[in-house]
>>> print(open('run10.cif').read())   # mmCIF, C-alpha atoms and all ligand atoms
data_run
#
loop_
_atom_site.label_atom_id
_atom_site.label_comp_id
_atom_site.auth_asym_id
_atom_site.auth_seq_id
_atom_site.Cartn_x
_atom_site.Cartn_y
_atom_site.Cartn_z
CA MET A 1 11.68 -91.98 31.38
CA PRO A 2 15.18 -91.21 30.05
CA ALA A 3 15.66 -91.71 26.31
CA THR A 4 17.31 -94.97 25.28
CA SER A 5 21.09 -94.57 24.96
CA LEU A 6 23.20 -95.25 21.89
CA SER A 7 24.81 -98.25 23.59
CA THR A 8 21.44 -99.80 24.42
CA HIS A 9 20.29 -99.38 20.82
CA LEU A 10 23.52 -100.95 19.59
CA LYS A 11 23.06 -103.95 21.89
CA HIS A 12 19.49 -104.36 20.71
CA TRP A 13 20.43 -104.21 16.98
CA SER A 14 23.35 -106.55 17.38
CA LYS A 15 21.10 -109.03 19.26
CA ARG A 16 18.63 -108.92 16.36
CA LEU A 17 21.43 -109.55 13.87
CA GLU A 18 22.81 -112.59 15.69
CA SER A 19 20.32 -114.85 13.94
CA CYS A 20 21.61 -113.93 10.46
CA SER A 21 25.22 -112.81 10.87
CA ASP A 22 28.33 -114.10 12.60
CA SER A 23 29.59 -110.52 12.89
CA ALA A 24 26.41 -109.08 14.44
CA ARG A 25 28.01 -106.42 16.66
CA LEU A 26 30.30 -105.20 13.88
CA ASP A 27 27.38 -105.11 11.42
CA ALA A 28 25.32 -103.02 13.87
CA GLU A 29 28.21 -100.60 14.40
CA ILE A 30 28.80 -100.24 10.64
CA LEU A 31 25.11 -99.49 10.04
CA LEU A 32 25.01 -96.98 12.91
CA LYS A 33 28.16 -95.21 11.66
CA HIS A 34 26.83 -95.18 8.12
CA VAL A 35 23.51 -93.57 9.07
CA SER A 36 24.71 -91.22 11.81
CA GLY A 37 28.07 -90.25 10.33
CA LEU A 38 29.67 -90.89 13.73
CA SER A 39 33.28 -92.12 13.92
CA ASP A 40 34.50 -95.11 15.99
CA ALA A 41 35.75 -92.68 18.64
CA GLN A 42 32.42 -90.84 18.76
CA LEU A 43 30.55 -94.14 19.20
CA ILE A 44 32.53 -94.68 22.40
CA MET A 45 32.36 -91.07 23.61
CA ARG A 46 28.60 -90.82 23.09
CA ASP A 47 27.52 -94.25 24.25
CA ASN A 48 25.28 -92.79 26.98
CA GLU A 49 23.64 -90.20 24.75
CA PRO A 50 20.29 -90.69 23.00
CA LEU A 51 19.85 -91.09 19.23
CA ASP A 52 17.35 -89.06 17.24
CA ASN A 53 14.23 -90.78 15.93
CA ALA A 54 15.06 -90.43 12.23
CA THR A 55 18.40 -92.20 12.78
CA ILE A 56 16.76 -94.96 14.79
CA GLN A 57 14.15 -95.54 12.10
CA ARG A 58 16.66 -95.65 9.25
CA ILE A 59 18.82 -98.12 11.15
CA ASN A 60 15.80 -100.26 12.04
CA ALA A 61 15.02 -100.50 8.32
CA LEU A 62 18.62 -101.47 7.44
CA VAL A 63 18.71 -104.05 10.25
CA ALA A 64 15.49 -105.52 8.86
CA SER A 65 17.07 -105.80 5.37
CA ARG A 66 20.16 -107.40 6.91
CA GLU A 67 17.87 -109.89 8.70
CA GLN A 68 16.55 -110.80 5.24
CA GLY A 69 20.16 -111.51 4.21
CA SER A 70 21.25 -108.34 2.38
CA PRO A 71 25.04 -107.97 2.61
CA ILE A 72 26.30 -105.04 4.68
CA GLY A 73 28.27 -103.74 1.67
CA TYR A 74 25.11 -103.32 -0.40
CA LEU A 75 23.24 -101.72 2.53
CA THR A 76 25.87 -99.04 3.07
CA GLY A 77 27.08 -98.94 -0.57
CA TRP A 78 30.71 -99.18 0.55
CA ARG A 79 33.35 -101.81 1.27
CA GLU A 80 36.98 -101.41 2.30
CA PHE A 81 39.57 -103.31 0.26
CA TYR A 82 43.36 -102.99 0.48
CA GLY A 83 42.98 -99.75 2.43
CA LEU A 84 40.65 -98.20 -0.18
CA ASN A 85 37.02 -97.39 0.50
CA LEU A 86 35.14 -98.68 -2.54
CA LYS A 87 31.62 -98.07 -3.77
CA VAL A 88 29.71 -101.30 -4.33
CA ASN A 89 26.23 -102.14 -5.58
CA PRO A 90 24.47 -105.35 -6.64
CA GLN A 91 26.10 -105.12 -10.10
CA VAL A 92 29.45 -106.07 -8.57
CA LEU A 93 30.83 -108.66 -6.19
CA ILE A 94 31.68 -107.27 -2.76
CA PRO A 95 35.50 -107.46 -2.56
CA ARG A 96 36.71 -110.27 -0.28
CA PRO A 97 39.66 -110.14 2.13
CA GLU A 98 41.02 -113.31 0.41
CA THR A 99 41.44 -111.33 -2.80
CA GLU A 100 44.07 -109.14 -1.13
CA LEU A 101 46.41 -112.11 -1.69
CA LEU A 102 46.04 -111.61 -5.45
CA VAL A 103 46.99 -107.93 -5.05
CA ASP A 104 50.01 -108.80 -2.85
CA THR A 105 51.10 -111.33 -5.48
CA ALA A 106 50.68 -108.85 -8.33
CA LEU A 107 52.66 -106.15 -6.51
CA LYS A 108 55.55 -108.59 -5.92
CA LEU A 109 55.57 -109.73 -9.56
CA ILE A 110 55.67 -106.20 -11.01
CA GLN A 111 58.10 -104.81 -8.44
CA PRO A 112 61.21 -105.34 -10.67
CA ILE A 113 59.55 -103.75 -13.73
CA ALA A 114 60.02 -100.01 -14.30
CA LYS A 115 56.69 -99.28 -16.07
CA PRO A 116 54.60 -102.40 -15.76
CA GLU A 117 51.59 -102.93 -18.00
CA ILE A 118 48.86 -104.91 -16.32
CA LEU A 119 45.56 -106.39 -17.41
CA ASP A 120 42.79 -107.05 -14.84
CA MET A 121 39.94 -109.03 -16.35
CA GLY A 122 36.46 -109.06 -14.81
CA THR A 123 37.31 -106.05 -12.68
CA GLY A 124 33.85 -105.64 -11.06
CA SER A 125 34.12 -102.78 -8.54
CA GLY A 126 37.67 -102.25 -9.80
CA ALA A 127 39.07 -103.45 -6.46
CA ILE A 128 42.11 -105.34 -7.77
CA ALA A 129 43.07 -102.81 -10.44
CA LEU A 130 42.64 -99.88 -8.04
CA ALA A 131 44.67 -101.53 -5.30
CA ILE A 132 47.52 -102.24 -7.74
CA ALA A 133 47.31 -98.81 -9.36
CA SER A 134 47.28 -96.92 -6.07
CA ASN A 135 50.41 -98.77 -4.94
CA THR A 136 52.34 -98.48 -8.22
CA ILE A 137 52.21 -94.98 -9.69
CA SER A 138 54.35 -96.04 -12.68
CA ALA A 139 52.00 -98.88 -13.68
CA ARG A 140 49.57 -98.68 -16.56
CA LEU A 141 46.49 -100.81 -16.18
CA THR A 142 43.70 -102.02 -18.39
CA ALA A 143 40.63 -103.24 -16.50
CA THR A 144 37.83 -105.05 -18.33
CA ASP A 145 34.37 -106.28 -17.56
CA LEU A 146 31.57 -107.83 -19.56
CA ASN A 147 29.00 -105.92 -17.51
CA LYS A 148 28.87 -102.23 -18.48
CA LYS A 149 27.11 -101.38 -15.21
CA ALA A 150 30.03 -102.87 -13.30
CA LEU A 151 32.44 -100.74 -15.34
CA LEU A 152 30.47 -97.70 -14.25
CA VAL A 153 31.06 -98.62 -10.59
CA ALA A 154 34.78 -99.22 -11.24
CA THR A 155 35.12 -95.89 -13.07
CA GLU A 156 33.42 -94.05 -10.21
CA ASN A 157 35.80 -95.69 -7.74
CA ALA A 158 38.81 -94.61 -9.82
CA GLN A 159 37.49 -91.03 -9.94
CA PHE A 160 36.71 -91.05 -6.22
CA HIS A 161 40.32 -92.03 -5.44
CA HIS A 162 41.85 -89.79 -8.14
CA ILE A 163 43.46 -92.80 -9.79
CA HIS A 164 44.17 -92.03 -13.43
CA ASN A 165 46.43 -94.85 -14.62
CA ILE A 166 43.64 -97.33 -15.41
CA THR A 167 41.83 -97.66 -18.75
CA PHE A 168 38.42 -99.29 -18.36
CA LEU A 169 37.25 -101.40 -21.26
CA HIS A 170 34.10 -103.33 -22.05
CA SER A 171 35.24 -106.79 -23.07
CA ASP A 172 34.25 -110.44 -22.90
CA TRP A 173 37.59 -111.71 -21.62
CA TYR A 174 40.13 -110.94 -24.40
CA THR A 175 37.74 -110.11 -27.24
CA ASN A 176 38.28 -106.31 -27.28
CA LEU A 177 41.97 -106.27 -26.45
CA LYS A 178 43.26 -106.28 -30.03
CA GLY A 179 46.87 -107.42 -29.86
CA ALA A 180 47.75 -105.67 -26.59
CA GLN A 181 50.60 -107.24 -24.59
CA PHE A 182 51.09 -107.08 -20.86
CA ASP A 183 53.70 -107.81 -18.19
CA LEU A 184 51.02 -109.28 -15.96
CA ILE A 185 47.49 -110.58 -16.32
CA VAL A 186 45.40 -110.82 -13.14
CA SER A 187 41.83 -111.91 -12.65
CA ASN A 188 39.38 -113.00 -10.02
CA PRO A 189 37.03 -114.73 -12.45
CA PRO A 190 33.77 -116.49 -11.64
CA TYR A 191 34.78 -119.92 -10.36
CA ILE A 192 31.88 -121.39 -8.39
CA ASP A 193 30.17 -124.58 -9.56
CA PRO A 194 26.54 -123.71 -10.51
CA ASP A 195 25.42 -126.60 -8.25
CA ASP A 196 27.41 -125.46 -5.21
CA PRO A 197 24.96 -125.35 -2.24
CA HIS A 198 26.81 -122.30 -0.82
CA LEU A 199 25.14 -120.22 -3.53
CA ARG A 200 21.90 -120.53 -1.58
CA GLN A 201 23.44 -119.28 1.68
CA GLY A 202 24.56 -115.93 3.05
CA ASP A 203 25.73 -112.87 1.13
CA VAL A 204 26.34 -114.59 -2.25
CA ARG A 205 22.55 -114.96 -2.75
CA PHE A 206 22.46 -111.20 -3.34
CA GLU A 207 25.56 -110.94 -5.53
CA PRO A 208 25.61 -111.07 -9.37
CA GLU A 209 25.60 -114.68 -10.60
CA GLN A 210 27.62 -113.59 -13.62
CA ALA A 211 30.52 -112.75 -11.29
CA LEU A 212 30.29 -115.95 -9.25
CA ILE A 213 29.23 -118.91 -11.36
CA SER A 214 31.16 -120.64 -14.09
CA ALA A 215 30.17 -123.68 -16.17
CA ASP A 216 32.14 -126.92 -16.16
CA HIS A 217 32.14 -127.23 -12.31
CA GLY A 218 33.35 -123.64 -11.95
CA CYS A 219 36.32 -124.14 -14.28
CA ALA A 220 35.15 -122.80 -17.67
CA ASP A 221 36.31 -119.18 -17.27
CA ILE A 222 39.66 -120.07 -15.69
CA LYS A 223 40.18 -122.32 -18.71
CA THR A 224 39.28 -119.60 -21.25
CA ILE A 225 41.57 -117.10 -19.53
CA ILE A 226 44.57 -119.46 -19.42
CA GLU A 227 44.12 -120.90 -22.91
CA HIS A 228 44.41 -117.47 -24.55
CA ALA A 229 46.72 -115.73 -22.09
CA SER A 230 50.04 -116.25 -23.87
CA ALA A 231 48.93 -114.16 -26.88
CA TYR A 232 48.52 -111.18 -24.52
CA LEU A 233 51.74 -111.58 -22.52
CA LYS A 234 55.20 -110.23 -23.22
CA ALA A 235 58.06 -112.73 -22.98
CA GLY A 236 58.76 -113.14 -19.25
CA GLY A 237 55.23 -111.97 -18.38
CA TRP A 238 53.14 -113.47 -15.59
CA ILE A 239 49.58 -114.54 -15.00
CA ALA A 240 48.04 -114.72 -11.52
CA LEU A 241 44.50 -115.93 -10.96
CA GLU A 242 42.26 -116.29 -7.93
CA HIS A 243 40.34 -119.57 -7.78
CA GLY A 244 38.38 -121.84 -5.46
CA TYR A 245 40.05 -123.78 -2.61
CA ASN A 246 39.87 -126.98 -4.70
CA GLN A 247 41.03 -125.58 -8.06
CA GLY A 248 44.76 -125.14 -7.41
CA ALA A 249 45.99 -128.36 -9.03
CA PHE A 250 43.64 -127.92 -11.98
CA THR A 251 44.88 -124.36 -12.58
CA ARG A 252 48.56 -125.35 -12.30
CA ASP A 253 48.07 -128.27 -14.70
CA LEU A 254 46.34 -126.03 -17.20
CA LEU A 255 49.18 -123.49 -17.03
CA LYS A 256 51.83 -126.20 -17.52
CA HIS A 257 49.88 -127.65 -20.41
CA GLN A 258 49.84 -124.22 -22.09
CA GLY A 259 53.63 -123.89 -21.74
CA PHE A 260 53.81 -121.71 -18.62
CA THR A 261 56.67 -122.28 -16.17
CA ASP A 262 57.26 -121.45 -12.47
CA SER A 263 53.67 -122.35 -11.72
CA GLU A 264 52.82 -122.12 -8.03
CA THR A 265 49.71 -122.03 -5.85
CA LEU A 266 49.52 -119.70 -2.83
CA LYS A 267 47.34 -120.12 0.25
CA ASP A 268 45.09 -117.44 1.71
CA LEU A 269 44.83 -116.47 5.40
CA ASN A 270 42.57 -119.49 6.01
CA GLN A 271 45.25 -121.80 4.53
CA HIS A 272 43.12 -122.47 1.44
CA ASP A 273 44.62 -122.67 -2.05
CA ARG A 274 43.54 -119.30 -3.49
CA VAL A 275 45.94 -117.87 -6.10
CA THR A 276 47.92 -119.65 -8.80
CA LEU A 277 50.58 -117.97 -10.90
CA GLY A 278 52.68 -118.92 -13.89
CA LYS A 279 55.35 -117.37 -16.12
CA TRP A 280 55.28 -117.07 -19.88
CA SER A 281 58.88 -117.36 -21.07
CA SER A 282 58.10 -117.58 -24.80
CA ARG A 283 57.01 -120.22 -27.26
CA GLN A 284 59.57 -123.06 -27.40
N1 LIG R 1 35.45 -116.16 -3.34
C1 LIG R 1 34.12 -115.86 -3.68
C2 LIG R 1 33.18 -116.66 -2.80
O1 LIG R 1 33.55 -117.68 -2.29
C3 LIG R 1 33.82 -116.14 -5.13
C4 LIG R 1 34.51 -115.20 -6.02
C5 LIG R 1 34.47 -115.60 -7.44
O2 LIG R 1 33.71 -116.45 -7.91
N2 LIG R 1 35.33 -115.02 -8.17
O3 LIG R 1 32.06 -116.28 -2.57
#
>>> encode(input="run10.cif", output="structure tokens", more="lines below")
Ligand code: GLN
Amino acid sequence: MPATSLSTHLKHWSKRLESCSDSARLDAEILLKHVSGLSDAQLIMRDNEPLDNATIQRINALVASREQGSPIGYLTGWREFYGLNLKVNPQVLIPRPETELLVDTALKLIQPIAKPEILDMGTGSGAIALAIASNTISARLTATDLNKKALLVATENAQFHHIHNITFLHSDWYTNLKGAQFDLIVSNPPYIDPDDPHLRQGDVRFEPEQALISADHGCADIKTIIEHASAYLKAGGWIALEHGYNQGAFTRDLLKHQGFTDSETLKDLNQHDRVTLGKWSSRQ
């Protein structure tokens, strides 16, 4: 009997994953590439060839974990964000495609500034800071997190990509920033209501609660960040925050109430309110 071909294995794994994933085929391909080291092109070229037993067994084990709900990013230890391959582990949120909007926004806001100074709070894997830093050589960034184990992941990602213009700092929001002033503050803070039923579904079940959940219906951390932001912004500086699809008006109102101008909410690729920005002109 001829050995089972790569393409037959792939079909089988992707069939198994259909019950737990809406990207079953892609998941199966990612796991196969991760274990075998094969490229996309090689997957096509070798689709009639057999796979060795060790590879098959390792993939079977990963498929079984995926069936239990483990996110693909944690199974492979990697996730692509803004063209960068980033290490991830259960200490950090897996970067979302929606968050690329925050990076696009940040890059537009700092574009006119010669040597922009940027603060990224709650950096997690470092995704936002690294994406900004790798696109703006002249920028100087400070990236904070409350979780020291997350900072370790972010630091490894910076080293992996040879990005040297980010200072990583352990801080509970602004507490360790000591009078620093920035041209731009960005953050993707926790913003999910602790009672949101989505927390019991899909990948988020495996992600750190500290990075997802915020008190006060998901609003507490957005509030803390905005209420203290002006002390850490230069005159003419900007703040841009990611938030939930239903938190745009709340975030704009909070910014206006704190004396920010030019407040605006931007929609992500799914047409959901996702990022709100505001400008700090100076105290009237
Ligand atoms: N956007 C993420 C989600 O919906 C949450 C990210 C966050 O809380 N900062 O799962």
>>> closest_residue(input="run10.cif", among="A:Phe168, A:Phe250, A:Phe206, A:Trp238", to="ligand LIG 1 (chain R)", atoms="only C-alpha atoms and all ligand atoms")
A:Phe206
>>> closest_atom_pairs(input="run10.cif", of="chain A", to="ligand LIG 1 (chain R)", cutoff="8 Å", atoms="all atoms listed in the file", output="tab-separated table")
residue	atom	partner	partner_atom	distance
A:Leu93	CA	R:LIG1	C4	7.5
A:Arg96	CA	R:LIG1	N1	6.8
A:Glu98	CA	R:LIG1	N1	7.3
A:Thr99	CA	R:LIG1	N1	7.7
A:Asn188	CA	R:LIG1	N2	4.9
A:Pro189	CA	R:LIG1	N2	4.6
A:Pro190	CA	R:LIG1	O2	3.7
A:Tyr191	CA	R:LIG1	O2	4.4
A:Ile192	CA	R:LIG1	O2	5.3
A:Val204	CA	R:LIG1	O3	6.0
A:Ala211	CA	R:LIG1	O2	5.9
A:Leu212	CA	R:LIG1	O2	3.7
A:Ile213	CA	R:LIG1	O2	6.2
A:Ser214	CA	R:LIG1	O2	7.9
A:Glu242	CA	R:LIG1	N2	7.0
A:His243	CA	R:LIG1	N2	6.8
A:Gly244	CA	R:LIG1	N1	6.7
>>> closest_residue(input="run10.cif", among="A:Leu107, A:Leu62, A:Ile239, A:Ala129", to="Ile222 (chain A)", atoms="all atoms listed in the file")
A:Ile239
>>> closest_atom_pairs(input="run10.cif", of="region 191-249 of chain A", to="region 267-280 of chain A", cutoff="12 Å", atoms="all atoms listed in the file", output="tab-separated table")
residue	atom	partner	partner_atom	distance
A:Tyr191	CA	A:Arg274	CA	11.1
A:Ile222	CA	A:Thr276	CA	10.8
A:Ile226	CA	A:Gly278	CA	9.8
A:His228	CA	A:Trp280	CA	11.8
A:Ala229	CA	A:Trp280	CA	8.9
A:Ser230	CA	A:Trp280	CA	6.6
A:Ala231	CA	A:Trp280	CA	9.9
A:Tyr232	CA	A:Trp280	CA	10.1
A:Leu233	CA	A:Trp280	CA	7.0
A:Lys234	CA	A:Trp280	CA	7.6
A:Ala235	CA	A:Trp280	CA	6.0
A:Gly236	CA	A:Trp280	CA	5.3
A:Gly237	CA	A:Trp280	CA	5.3
A:Trp238	CA	A:Lys279	CA	4.5
A:Ile239	CA	A:Leu277	CA	5.4
A:Ala240	CA	A:Leu277	CA	4.2
A:Leu241	CA	A:Val275	CA	5.4
A:Glu242	CA	A:Val275	CA	4.4
A:His243	CA	A:Arg274	CA	5.4
A:Gly244	CA	A:Arg274	CA	6.1
A:Tyr245	CA	A:Asp273	CA	4.7
A:Asn246	CA	A:Asp273	CA	6.9
A:Gln247	CA	A:Asp273	CA	7.6
A:Gly248	CA	A:Asp273	CA	5.9
A:Ala249	CA	A:Thr276	CA	8.9
>>> closest_residue(input="run10.cif", among="A:Gly202, A:Gly259, A:Gly69, A:Gly122", to="Tyr174 (chain A)", atoms="all atoms listed in the file")
A:Gly122
>>> residues_around(input="run10.cif", residues="Tyr82 (chain A)", least_positions_apart="5", cutoff="9 Å", atoms="all atoms listed in the file", output="list in words")
Pro97, Glu100, Val103, Ala127, Ile128 and Ala131 of chain A
>>> closest_residue(input="run10.cif", among="A:Gly218, A:Thr142, A:Pro197, A:Lys148", to="Gln181 (chain A)", atoms="only C-alpha atoms")
A:Thr142
>>> closest_residue(input="run10.cif", among="A:Arg46, A:Arg252, A:His164, A:Lys115", to="Glu264 (chain A)", atoms="only C-alpha atoms")
A:Arg252
>>> closest_residue(input="run10.cif", among="A:Asp253, A:Glu67, A:Asp120, A:Asp145", to="Asp22 (chain A)", atoms="only C-alpha atoms")
A:Glu67
>>> atom_distance(input="run10.cif", atom1="CA of Leu152 (chain A)", atom2="CA of Gly126 (chain A)")
9.6 Å
>>> residues_around(input="run10.cif", residues="region 23-40 of chain A", least_positions_apart="4", cutoff="9 Å", atoms="only C-alpha atoms", output="short mmCIF file (atom, residue, chain, number, x, y, z; two decimals) with C-alpha atoms, keeping the file's coordinate frame")
data_model
loop_
_atom_site.label_atom_id
_atom_site.label_comp_id
_atom_site.auth_asym_id
_atom_site.auth_seq_id
_atom_site.Cartn_x
_atom_site.Cartn_y
_atom_site.Cartn_z
CA LEU A 10 23.52 -100.95 19.59
CA LYS A 11 23.06 -103.95 21.89
CA TRP A 13 20.43 -104.21 16.98
CA SER A 14 23.35 -106.55 17.38
CA LYS A 15 21.10 -109.03 19.26
CA ARG A 16 18.63 -108.92 16.36
CA LEU A 17 21.43 -109.55 13.87
CA GLU A 18 22.81 -112.59 15.69
CA SER A 19 20.32 -114.85 13.94
CA ILE A 44 32.53 -94.68 22.40
CA MET A 45 32.36 -91.07 23.61
CA LEU A 51 19.85 -91.09 19.23
CA THR A 55 18.40 -92.20 12.78
CA ILE A 56 16.76 -94.96 14.79
CA ARG A 58 16.66 -95.65 9.25
CA ILE A 59 18.82 -98.12 11.15
CA LEU A 62 18.62 -101.47 7.44
CA VAL A 63 18.71 -104.05 10.25
CA ARG A 66 20.16 -107.40 6.91
CA ILE A 72 26.30 -105.04 4.68
CA LEU A 75 23.24 -101.72 2.53
CA THR A 76 25.87 -99.04 3.07
#
>>> residues_near_point(input="run10.cif", point="(30.4, -107.5, -4.0)", cutoff="10 Å", atoms="all atoms listed in the file", output="PyMOL selection string")
chain A and resi 71-74+77-79+87-96+124-125+127+203-204+206-208+211-212
>>> write_last_selection(input="run10.cif", atoms="C-alpha atoms", output="tab-separated table (two decimals), in the coordinates of the input")
chain	number	residue	atom	x	y	z
A	71	PRO	CA	25.04	-107.97	2.61
A	72	ILE	CA	26.30	-105.04	4.68
A	73	GLY	CA	28.27	-103.74	1.67
A	74	TYR	CA	25.11	-103.32	-0.40
A	77	GLY	CA	27.08	-98.94	-0.57
A	78	TRP	CA	30.71	-99.18	0.55
A	79	ARG	CA	33.35	-101.81	1.27
A	87	LYS	CA	31.62	-98.07	-3.77
A	88	VAL	CA	29.71	-101.30	-4.33
A	89	ASN	CA	26.23	-102.14	-5.58
A	90	PRO	CA	24.47	-105.35	-6.64
A	91	GLN	CA	26.10	-105.12	-10.10
A	92	VAL	CA	29.45	-106.07	-8.57
A	93	LEU	CA	30.83	-108.66	-6.19
A	94	ILE	CA	31.68	-107.27	-2.76
A	95	PRO	CA	35.50	-107.46	-2.56
A	96	ARG	CA	36.71	-110.27	-0.28
A	124	GLY	CA	33.85	-105.64	-11.06
A	125	SER	CA	34.12	-102.78	-8.54
A	127	ALA	CA	39.07	-103.45	-6.46
A	203	ASP	CA	25.73	-112.87	1.13
A	204	VAL	CA	26.34	-114.59	-2.25
A	206	PHE	CA	22.46	-111.20	-3.34
A	207	GLU	CA	25.56	-110.94	-5.53
A	208	PRO	CA	25.61	-111.07	-9.37
A	211	ALA	CA	30.52	-112.75	-11.29
A	212	LEU	CA	30.29	-115.95	-9.25
>>> atom_distance(input="run10.cif", atom1="CA of Leu184 (chain A)", atom2="CA of Gln258 (chain A)")
16.2 Å
>>> atom_distance(input="run10.cif", atom1="CA of Ala220 (chain A)", atom2="CA of Lys108 (chain A)")
27.5 Å
